[in-house]
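To start, the structure under review is shown below, and the notes come after it.
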There are 2 protein chains.
Amino acid sequence: MNKRNLETCFSPALFEAEGHANSIIVIIDVLRASSAICTAFANGAFSIIPVGEVAEAMDYKSKGYLVAAERDGYVLDFADFGNSPFNFTKEKVNGKTIVYSTTNGTGIINLSLSAYMTVIGSFLNIGALTKWLIKQDRDILLLCAGWKNRFNIEDTVCAGAIADILMRSKCYTTICDSTLVAMDLWSIASPDLPGYIEKAAQRTRLRDKNLDDCIEFCLSTDFTDKIPVMKNGALIADL
Amino acid sequence: MNKRNLETCFSPALFEAEGHANSIIVIIDVLRASSAICTAFANGAFSIIPVGEVAEAMDYKSKGYLVAAERDGYVLDFADFGNSPFNFTKEKVNGKTIVYSTTNGTGIINLSLSAYMTVIGSFLNIGALTKWLIKQDRDILLLCAGWKNRFNIEDTVCAGAIADILMRSKCYTTICDSTLVAMDLWSIASPDLPGYIEKAAQRTRLRDKNLDDCIEFCLSTDFTDKIPVMKNGALIADL
């Protein structure tokens, strides 16, 4: 088996749309979109329709959909709930289709659709995700959502954790500076991940808004074995 | 004295032009533009005119200027020399004005001109630069040139080294994830900087083109105390 390429992109602003037609793109938005999406599928959600624009989310709401929508951490007033993973309970989401719009995460899902496949990665599904990725035998781009197009610590560290597992499988090769640096950061952060994430700007933002109750959960590994995969405009669980 | 803000930007593609009117922007392109510029001033250059476009560099050449110009490491055929620091010898540059155009570095010098001041940083002038910055008492943005808008290791590590010195001065504060990560990378890289840079993609690119003879020099500290500063469209040495 030829080794597959592994690359990492730290922000949607650094994303080059071309060249991924045969690759799997893994979207990472640890605090909180990709963690919330993984939680929703763990709790039985049927599908999630990611939408970038608020107006589009409102339109779905008026058609009777369950809508999760936030901007800068706050639930939008027309929405059923925001993007804390703790909102996506079994009672609310089991068997349901959810329309989902967040500050950073959902816009880039749609940005990545030129890829062979788009999937959602987080610490919550990291074990199952990496096993699944290795089976697909495709080039991979780890695409960090960042924060308003900026680099952020938590998505980079998660990309590093994923890259670390993939590289240990010996199925991948990389000459990507971002991947190598993400792995180095993971080596610093992994002995005490919540301690390392303390310094992240998003950690402070969520604390200032009293939205930080879910952080410890978002940094925990292997809560679920679901792999959210984009198919025909919606995320569904591949496992 | 109020603490000044310190921020880092990993790529021109992540640069936000607004908000820097009172800040000093430090351009970092370790391999090789900012190292070459620092070397030129160490060897007595009078001024350097950075130009982004090849056509503009050709135009200056036709007017009789000394022109250093490269793309992807190779000297452009009309130019007097390329951007190895070893080209900028005392014999060639002492007392001269040089027109300079490179793949990544010189374009972003012009991009940054909305700032209060633009200066050039490298390992070669790091000690003098950081002392000089602290004296200026301004907010600082460390702007990495990267490679064709991508993140790169060597500029990030240099930004981390600069940030480490500035933060130790207690004159600065930062809530910038990029700055904190750059400092962590510097902590990994500093015990063996040339060893760490071995894995950088640009290290490989330069080796493949037999252009890597200058790397050890570019990673050495305090070769010069010159601070290249943009004034009226050209770089001059502030010290």
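If you're wondering about the labels, chains in the structure tokens are A, B, ... by order shown, residues count from 1 in each chain, ligands from 1 in order shown.
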
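Set the cut-off at 7 Å, count only C-alpha atoms, and the residues of chain B near chain A turn out to be Ala13, Leu14, Arg150, Phe151, Asn152, Ile153, Ile175, Cys176, Asp177, Ser178, Ala200 and Ala201 of chain B.
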
Exercise. Which residues in range 13-164 of chain B does DSSP call strand (DSSP E)? List them as a PyMOL selection string.
Worked result: chain B and resi 23-28+47-50+66-71+74-75+97-101+117-121+139-144

For this session: Per DSSP on the backbone, filter range 11-175 of chain B down to the residues in helix (DSSP H, G or I) and report them as a VMD selection string.
Result: chain B and resid 12 to 14 33 to 42 54 to 62 85 to 87 90 to 93 105 to 111 123 to 136 153 to 168

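In this model, the gap between CA of Ala42 in chain B and CA of Asp225 in chain B comes to 7.7 Å.
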
Problem set entry | Neighbour list for Arg71 in chain B as an NGL selection string, cut-off 10 Å, only C-alpha atoms, skip fewer than 6 positions in-chain | :B and (54 or 82-83 or 101-104)

Selection above as a file: C-alpha atoms, as a PDB file, in the first residue's frame:
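Wrote part-v4.pdb, looks like this:
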```
ATOM      1  CA  VAL B  54       8.848  41.053 -11.011  1.00  0.00           C
ATOM      2  CA  GLY B  82      19.215  36.390  -5.643  1.00  0.00           C
ATOM      3  CA  ASN B  83      18.299  36.274  -1.977  1.00  0.00           C
ATOM      4  CA  SER B 101      11.929  41.167  -4.800  1.00  0.00           C
ATOM      5  CA  THR B 102      11.376  37.665  -3.385  1.00  0.00           C
ATOM      6  CA  THR B 103       8.726  34.929  -3.452  1.00  0.00           C
ATOM      7  CA  ASN B 104       7.204  35.679  -0.073  1.00  0.00           C
TER       8      ASN B 104
END
```

Exercise. With distances taken over only C-alpha atoms, which of B:Leu133, B:Ala163, B:Ala234, B:Cys158 is nearest to Asn110 in chain B?
Worked result: B:Ala234

Exercise. So what do you get for CA of Ile120 in chain B versus CA of Ala69 in chain B, distance-wise?
Worked result: 17.6 Å

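The environment of Tyr116 in chain B within 6 Å, counting only C-alpha atoms and disregarding residues fewer than 3 places along the same chain, consists of B:Ala21, B:Asn22, B:Ser23, B:Ile24.
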
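If you look at CA of Ser190 in chain B and CA of Asp164 in chain B, they are 11.0 Å away from each other.
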
For this session: Considering only C-alpha atoms, return as a ChimeraX atom specification whatever protein or nucleic-acid residues lie within 8 Å of Thr39 in chain B, sequence-local ones (same chain, fewer than 5 positions apart) excluded.
Result: /B:85,88,124,224
